[in-house]
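All remarks here apply to the structure that follows.
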Amino acid sequence: MSLLAKLKNKKQNATSPPSVQCEKKTENNGEYISNENNSPKEEKKDSIKSKDKNEELKKQLHKKVLREMKKDSIERIIERIDEMAVEIIKEDDSLLGLVDRKKIVAELVNNLIGYGPINPLLLDPEVTEIMVNGPSMVYAERKGKLELTDIKFQDNDHVMHIIEKIVAPLGRRIDESSPMVDARLPDGSRVNAIIPPLALNGPTITIRKFSKDPFTIEHLISFGTLTREMAIFLEACVKAKLNIFISGGTGSGKTTTLNVLSSFIPNDERIITIEDAAELQLWQDHVVSLESRPPNIEGKGSITIRDLVRNSLRMRPERIVVGEVRGGEALDMLQAMNTGHDGSLATGHSNSPRDMISRLETMVLMAGMELPVKAIREQIGSAIDLIVQQSRLKDGSRKITNITEVQGLEGDVIVLQDIFVFKQRGVDQDGKIMGKLVPTGIRPKFYETLTTSGITIPTSVFLEEEDWNL
Ligand SMILES: Nc1ncnc2c1ncn2[C@@H]1O[C@H](COP(=O)(O)OP(=O)(O)O)[C@@H](O)[C@H]1O
Ligand SMILES: [Mg+2]
């Protein structure tokens with residue numbers, strides 16, 4: 001089977017487990033359930049059925065509310081929400097008698113008013129990020145573009161109240177003695193809040209929304225983040241257990257790409273993921289997810305990414321996937337990669353593949369071992385096989401600007417070789433960046449390793465396009 005076919009096949013396989021579950025549900029729904037003869041088994045079936053129906057009503061009501069939100073204010077919608085539920089039940093009589101309408105309506109109203117003025121943004125699936133810079137400046141990101149909204153809070157206290165609402169259920173607090181806090185919304189969205197006197201604009205909230213349907217490789221190809229050839233190449237590299245570092249700035253899409261690359265890991269491998277806040281969503285069966293822990297109010301009890309990396313080595317991992325390498329854990333990662341833990345994936349913050357290498361050197365020094373620079377470079381050169389550089393361009397698009405092979409140490413220098421690069425041609429009238437992703441024409445040195453591990457990449461993937469004219 002060609003890699004391309006595999007790529008497509010994998011996508012189908014990846015989505016097959018949930019769809020199997022869906023089928024089961026519909027079978028259950030279609031089944032006739034007698035109300036007489038209520039054996040415990042029948043009762044259980046009954047309660048499953050009513051749970052499904054409640055979910056169904058919630059989904060339909062949610063959709064309706066989203067539609068109405070385009071024309072009406074939240075306050076007006078809340079007044080009418082019960083009526084809307086009644087309408088849905090009238091239209092869909094399979095729900096009749098099986099749903100707890102009052103409960104569903106109450107849940108949804110709570111969702112709608114839960115986080116005050118930013119609720120509409122939280123409910124809007126198009127919004128990916130929300131930034132509150134004090135009470136009268138709220139930004140939202142849609143389709144990669146940041147825009148100022150007309151949403152306003154009443155005053156600083158109003159924003160503080162919402163922050164407290166977010167952090168209180170997690171047993172955290174925010175006040176002058178602890179003016180910064182990381183938290184999570186019940187749906188998994190990541191929240192950071194920082195307040196005066198540290199934040200001069202007033203209480204500031206940054207929310208990265210949790211995406212229920214994470215992007216797949218096909219999405220990234222369709223966004224132009226990478227080409228199909230690059231995707232084929234990266235899939236082969238992940239399958240061949242190369243150690244890959246994804247490098248880029250904040251919001252450049254590193255975690256998203258990490259998730260997509262991790263999806264190429266075969267289902268029979270034991271994967272351990274390590275993150276500050278669990279964002280990765282893997283489809284494989286054998287995944288153990290670990291999350292670091294910040295210190296408590298007394299400043300104690302923190303568990304760092306480094307602690308988790310070290311612990312994971314005792315958990316018989318076949319793949320270690322680290323959300324973001326920032327400090328001393330770099331040394332442990334490199335050592336693991338050099339001692340048989342191949343196929344590890346991680347991201348790091350930097351502006352170019354070369355910059356990533358020098359940052360890794362600094363991070364290794366942060367581990368506190370007095371290693372000579374040459375020894376560190378040797379570790380880096382032999383551990384890391386590939387750097388995938390990602391950027392958020394000025395027009396909001398995300399691109400993999402370099403796929404670079406780390407060839408190893410020559411003298412004192414780590415040799416890097418680009419395999420694919422983004423060549424910018426200019427900017428069009430709308431500010432959209434024009435350019436093309438192209439192979440450099442050079443085949444990576446590890447091409448042989450790929451072939452010996454039974455993974456073949458068509459050589460055409462590396463061929464420079466003949467008609468490429470700058
Ligand atoms: N390839 C992409 N194209 C468009 N948007 C993307 C892409 N990758 C990520 N995003 C969006 O960009 C935001 C940041 O992505 P994320 O992967 O969390 O970045 P990072 O980990 O680099 O901070 C998210 O809202 C995500 O939906
Ligand atoms: Mg990230």
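We label chains A, B, ... in the order they appear in the structure tokens, count residues from 1 in each chain, and number ligands from 1 in the order shown.
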Contacts between ligand 1 and chain A, please, where a residue of chain A counts if it comes within 9 Å (with only C-alpha atoms and all ligand atoms); show its shortest atom pair and distance in Å to one decimal, rows by chain and ascending number, as a tab-separated table.
```
residue	atom	partner	partner_atom_place_in_ligand_line	distance
A:Val127	CA	ligand 1	25 (O)	8.1
A:Thr128	CA	ligand 1	25 (O)	4.5
A:Glu129	CA	ligand 1	25 (O)	5.9
A:Glu141	CA	ligand 1	25 (O)	7.6
A:Arg142	CA	ligand 1	25 (O)	8.4
A:Lys143	CA	ligand 1	5 (N)	6.7
A:Gly144	CA	ligand 1	5 (N)	5.6
A:Arg208	CA	ligand 1	25 (O)	6.5
A:Lys209	CA	ligand 1	25 (O)	6.9
A:Phe210	CA	ligand 1	25 (O)	8.3
A:Ser211	CA	ligand 1	27 (O)	7.1
A:Pro214	CA	ligand 1	27 (O)	7.9
A:Phe215	CA	ligand 1	8 (N)	7.5
A:His219	CA	ligand 1	1 (N)	7.6
A:Leu220	CA	ligand 1	1 (N)	4.9
A:Ile221	CA	ligand 1	1 (N)	8.2
A:Ser222	CA	ligand 1	3 (N)	9.0
A:Phe223	CA	ligand 1	3 (N)	5.7
A:Gly224	CA	ligand 1	1 (N)	7.6
A:Thr225	CA	ligand 1	1 (N)	5.0
A:Leu226	CA	ligand 1	1 (N)	8.1
A:Ser247	CA	ligand 1	22 (O)	8.2
A:Gly248	CA	ligand 1	22 (O)	6.2
A:Gly249	CA	ligand 1	22 (O)	5.9
A:Thr250	CA	ligand 1	23 (O)	4.2
A:Gly251	CA	ligand 1	23 (O)	3.4
A:Ser252	CA	ligand 1	22 (O)	4.0
A:Gly253	CA	ligand 1	17 (O)	3.2
A:Lys254	CA	ligand 1	22 (O)	3.7
A:Thr255	CA	ligand 1	21 (O)	3.7
A:Thr256	CA	ligand 1	17 (O)	3.7
A:Thr257	CA	ligand 1	17 (O)	6.4
A:Leu258	CA	ligand 1	17 (O)	7.8
A:Asn259	CA	ligand 1	17 (O)	8.3
A:Glu279	CA	ligand 1	18 (O)	8.1
A:Gly323	CA	ligand 1	21 (O)	8.1
A:Glu324	CA	ligand 1	21 (O)	8.1
A:Thr347	CA	ligand 1	21 (O)	7.9
A:Gly348	CA	ligand 1	22 (O)	8.7
A:His349	CA	ligand 1	22 (O)	8.0
A:Gln390	CA	ligand 1	22 (O)	7.9
A:Ser391	CA	ligand 1	22 (O)	8.2
A:Arg392	CA	ligand 1	12 (O)	8.3
A:Gly396	CA	ligand 1	4 (C)	7.7
A:Ser397	CA	ligand 1	4 (C)	5.8
A:Arg398	CA	ligand 1	3 (N)	4.7
A:Lys399	CA	ligand 1	1 (N)	6.5
A:Ile400	CA	ligand 1	1 (N)	8.2
```
Problem set entry | Non-local contacts of region 375-377 of chain A (8 Å; only C-alpha atoms; under 5 positions in same chain excluded) as a list in words | Glu361, Val364, Leu409, Asp412, Val413 and Ile414 of chain A
Print the selection's residues with N, CA and C atoms to a file, as a PDB file, in the first residue's frame.
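Final file, result20.pdb:
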```pdb
ATOM      1  N   GLU A 361      20.820  23.853  24.041  1.00  0.00           N
ATOM      2  CA  GLU A 361      22.078  23.899  24.806  1.00  0.00           C
ATOM      3  C   GLU A 361      21.864  24.624  26.134  1.00  0.00           C
ATOM      4  N   VAL A 364      19.792  22.510  28.515  1.00  0.00           N
ATOM      5  CA  VAL A 364      20.555  21.426  29.143  1.00  0.00           C
ATOM      6  C   VAL A 364      21.366  21.991  30.308  1.00  0.00           C
ATOM      7  N   LEU A 409      27.383  16.114  14.731  1.00  0.00           N
ATOM      8  CA  LEU A 409      28.420  17.088  15.038  1.00  0.00           C
ATOM      9  C   LEU A 409      29.582  16.968  14.067  1.00  0.00           C
ATOM     10  N   ASP A 412      33.027  21.483  15.968  1.00  0.00           N
ATOM     11  CA  ASP A 412      32.275  22.028  17.094  1.00  0.00           C
ATOM     12  C   ASP A 412      30.848  22.391  16.721  1.00  0.00           C
ATOM     13  N   VAL A 413      30.509  22.119  15.464  1.00  0.00           N
ATOM     14  CA  VAL A 413      29.231  22.638  14.970  1.00  0.00           C
ATOM     15  C   VAL A 413      28.247  21.508  14.683  1.00  0.00           C
ATOM     16  N   ILE A 414      26.996  21.735  15.067  1.00  0.00           N
ATOM     17  CA  ILE A 414      25.955  20.766  14.704  1.00  0.00           C
ATOM     18  C   ILE A 414      25.514  21.090  13.278  1.00  0.00           C
TER      19      ILE A 414
END
```
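For Met434 (chain A), the set of protein, DNA and RNA residues having any atom at most 6 Å away, when counting only C-alpha atoms and skipping those fewer than 6 positions along the same chain, is A:Gln424, A:Arg425, A:Gly426, A:Val427.
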Exercise. Which residues in region 139-356 of chain A does DSSP call strand (DSSP E)? List them as a PyMOL selection string.
Worked result: chain A and resi 139-142+145-148+180-184+190-194+204-208+244-248+271-275+287-291+319-325+345-349
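Remark: for ligand 2, the closest of the candidate residues A:Lys239, A:Arg326, A:Arg76, A:Arg316 is A:Arg326 (distances computed over only C-alpha atoms and all ligand atoms).
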For Leu61 (chain A): contacts at 7 Å, only C-alpha atoms, fewer than 4 positions along chain excluded, given as a JSON list (two decimals) with N, CA and C atoms, in the first residue's frame:
```
[["chain", "number", "residue", "atom", "x", "y", "z"],
["A", 57, "LEU", "N", -31.42, 16.21, 23.25],
["A", 57, "LEU", "CA", -32.12, 17.48, 23.43],
["A", 57, "LEU", "C", -31.12, 18.60, 23.69],
["A", 65, "VAL", "N", -29.67, 27.67, 20.16],
["A", 65, "VAL", "CA", -29.22, 28.86, 20.88],
["A", 65, "VAL", "C", -28.11, 29.56, 20.08],
["A", 85, "ALA", "N", -36.96, 24.81, 24.00],
["A", 85, "ALA", "CA", -36.88, 23.37, 24.30],
["A", 85, "ALA", "C", -38.22, 22.71, 24.00]]
```
For this session: Please report, as a list in words, each residue of region 181-297 of chain A to which DSSP assigns helix (DSSP H, G or I) when run on this structure's backbone.
Result: Ile217, Glu218, His219, Leu220, Ile221, Ser222, Phe223, Arg228, Glu229, Met230, Ala231, Ile232, Phe233, Leu234, Glu235, Ala236, Cys237, Val238, Lys239, Lys254, Thr255, Thr256, Thr257, Leu258, Asn259, Val260, Leu261 and Ser262 of chain A
Could you write those residues out with C-alpha atoms, as a compact mmCIF listing (two decimals), in the first residue's frame?
```txt
# COMPACT_ATOMS: atom_id res chain seq x y z
CA ILE A 217 -3.20 16.03 8.87
CA GLU A 218 -5.81 16.60 6.16
CA HIS A 219 -6.83 19.87 7.85
CA LEU A 220 -3.23 21.06 8.01
CA ILE A 221 -2.73 20.19 4.34
CA SER A 222 -5.91 22.03 3.40
CA PHE A 223 -4.83 25.10 5.41
CA ARG A 228 1.05 16.40 1.01
CA GLU A 229 4.64 15.45 0.23
CA MET A 230 5.79 16.90 3.54
CA ALA A 231 3.00 14.98 5.28
CA ILE A 232 4.07 11.72 3.66
CA PHE A 233 7.63 12.40 4.70
CA LEU A 234 6.73 13.23 8.31
CA GLU A 235 4.48 10.19 8.63
CA ALA A 236 7.34 7.98 7.52
CA CYS A 237 9.71 9.66 9.99
CA VAL A 238 7.33 9.10 12.92
CA LYS A 239 6.75 5.46 11.94
CA LYS A 254 3.29 23.53 17.70
CA THR A 255 0.96 21.58 19.94
CA THR A 256 -1.46 21.05 17.06
CA THR A 257 1.32 19.70 14.86
CA LEU A 258 2.58 17.55 17.74
CA ASN A 259 -0.89 16.06 18.06
CA VAL A 260 -1.03 15.36 14.33
CA LEU A 261 2.44 13.79 14.24
CA SER A 262 1.64 11.70 17.31
```
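Shortest atom-to-atom contact with ligand 2 among A:Arg190, A:Ile387, A:Lys241, A:Met356: A:Arg190, counting only C-alpha atoms and all ligand atoms.
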Residues of region 356-443 of chain A that have any atom at most 12 Å from an atom of region 292-307 of chain A: could you tabulate them with the shortest-distance atom pair and the distance in Å to one decimal, using only C-alpha atoms, ordered by chain and increasing number, as a Markdown table?
```
| residue | atom | partner | partner_atom | distance |
| --- | --- | --- | --- | --- |
| A:Met363 | CA | A:Arg306 | CA | 11.4 |
| A:Val364 | CA | A:Arg306 | CA | 11.4 |
| A:Met366 | CA | A:Arg306 | CA | 11.1 |
| A:Ala367 | CA | A:Arg306 | CA | 9.0 |
```
List the neighbours of Leu198 (chain A) out to 12 Å using only C-alpha atoms; skip same-chain residues closer than 2 positions along the sequence, and give me the result as a PDB file with N, CA and C atoms, in the first residue's frame.
```
ATOM      1  N   ASP A 175      -5.544  36.712  44.372  1.00  0.00           N
ATOM      2  CA  ASP A 175      -5.605  37.962  45.127  1.00  0.00           C
ATOM      3  C   ASP A 175      -4.211  38.571  45.125  1.00  0.00           C
ATOM      4  N   GLU A 176      -4.028  39.613  45.905  1.00  0.00           N
ATOM      5  CA  GLU A 176      -2.743  40.306  45.818  1.00  0.00           C
ATOM      6  C   GLU A 176      -1.564  39.411  46.149  1.00  0.00           C
ATOM      7  N   SER A 177      -1.774  38.457  47.072  1.00  0.00           N
ATOM      8  CA  SER A 177      -0.636  37.613  47.448  1.00  0.00           C
ATOM      9  C   SER A 177      -0.368  36.533  46.400  1.00  0.00           C
ATOM     10  N   SER A 178      -1.377  36.122  45.632  1.00  0.00           N
ATOM     11  CA  SER A 178      -1.081  35.233  44.489  1.00  0.00           C
ATOM     12  C   SER A 178      -1.821  35.779  43.256  1.00  0.00           C
ATOM     13  N   PRO A 179      -1.171  36.737  42.598  1.00  0.00           N
ATOM     14  CA  PRO A 179      -1.855  37.495  41.536  1.00  0.00           C
ATOM     15  C   PRO A 179      -1.832  36.857  40.143  1.00  0.00           C
ATOM     16  N   MET A 180      -1.273  35.653  40.020  1.00  0.00           N
ATOM     17  CA  MET A 180      -1.269  34.983  38.707  1.00  0.00           C
ATOM     18  C   MET A 180      -1.787  33.577  38.921  1.00  0.00           C
ATOM     19  N   ALA A 193      -4.868  33.872  34.303  1.00  0.00           N
ATOM     20  CA  ALA A 193      -5.353  35.172  34.771  1.00  0.00           C
ATOM     21  C   ALA A 193      -4.242  35.858  35.541  1.00  0.00           C
ATOM     22  N   ILE A 194      -4.135  37.163  35.343  1.00  0.00           N
ATOM     23  CA  ILE A 194      -3.145  37.958  36.072  1.00  0.00           C
ATOM     24  C   ILE A 194      -3.799  39.303  36.399  1.00  0.00           C
ATOM     25  N   ILE A 195      -3.602  39.759  37.640  1.00  0.00           N
ATOM     26  CA  ILE A 195      -4.374  40.933  38.077  1.00  0.00           C
ATOM     27  C   ILE A 195      -3.456  42.065  38.536  1.00  0.00           C
ATOM     28  N   PRO A 196      -4.037  43.283  38.713  1.00  0.00           N
ATOM     29  CA  PRO A 196      -3.236  44.383  39.231  1.00  0.00           C
ATOM     30  C   PRO A 196      -2.710  44.016  40.632  1.00  0.00           C
ATOM     31  N   LEU A 200      -1.322  46.079  34.390  1.00  0.00           N
ATOM     32  CA  LEU A 200      -1.654  47.507  34.492  1.00  0.00           C
ATOM     33  C   LEU A 200      -3.001  47.849  33.848  1.00  0.00           C
ATOM     34  N   ASN A 201      -3.441  47.036  32.888  1.00  0.00           N
ATOM     35  CA  ASN A 201      -4.721  47.287  32.215  1.00  0.00           C
ATOM     36  C   ASN A 201      -5.920  46.945  33.078  1.00  0.00           C
ATOM     37  N   GLY A 202      -5.679  46.258  34.180  1.00  0.00           N
ATOM     38  CA  GLY A 202      -6.776  45.710  34.968  1.00  0.00           C
ATOM     39  C   GLY A 202      -6.682  44.191  34.883  1.00  0.00           C
ATOM     40  N   PRO A 203      -7.608  43.487  35.550  1.00  0.00           N
ATOM     41  CA  PRO A 203      -7.524  42.019  35.544  1.00  0.00           C
ATOM     42  C   PRO A 203      -7.531  41.483  34.105  1.00  0.00           C
ATOM     43  N   THR A 204      -6.614  40.602  33.820  1.00  0.00           N
ATOM     44  CA  THR A 204      -6.411  40.144  32.449  1.00  0.00           C
ATOM     45  C   THR A 204      -6.588  38.631  32.367  1.00  0.00           C
TER      46      THR A 204
END
```
For this session: Would you list the contacts of Ile207 (chain A) as a list in words, taking every protein, DNA or RNA residue within 7 Å and counting only C-alpha atoms, but skipping same-chain residues closer than 5 positions in sequence?
Result: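 The residues satisfying every condition are Glu129, Ile130, Met131, Ser189, Arg190, Val191 and Asn192 of chain A.
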Exercise. For the atom pair CA of Leu334 (chain A) and CA of Ile380 (chain A), what is the interatomic distance in Å to one decimal place?
Worked result: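 These two atoms are separated by 6.5 Å.
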Exercise. What is the distance between CA of Ile162 (chain A) and CA of Met137 (chain A), in Å to one decimal?
Worked result: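 Distance reported for this atom pair: 15.1 Å.
Reported to one decimal place, the separation of CA of Asp100 (chain A) from CA of Ile118 (chain A) is 27.7 Å.
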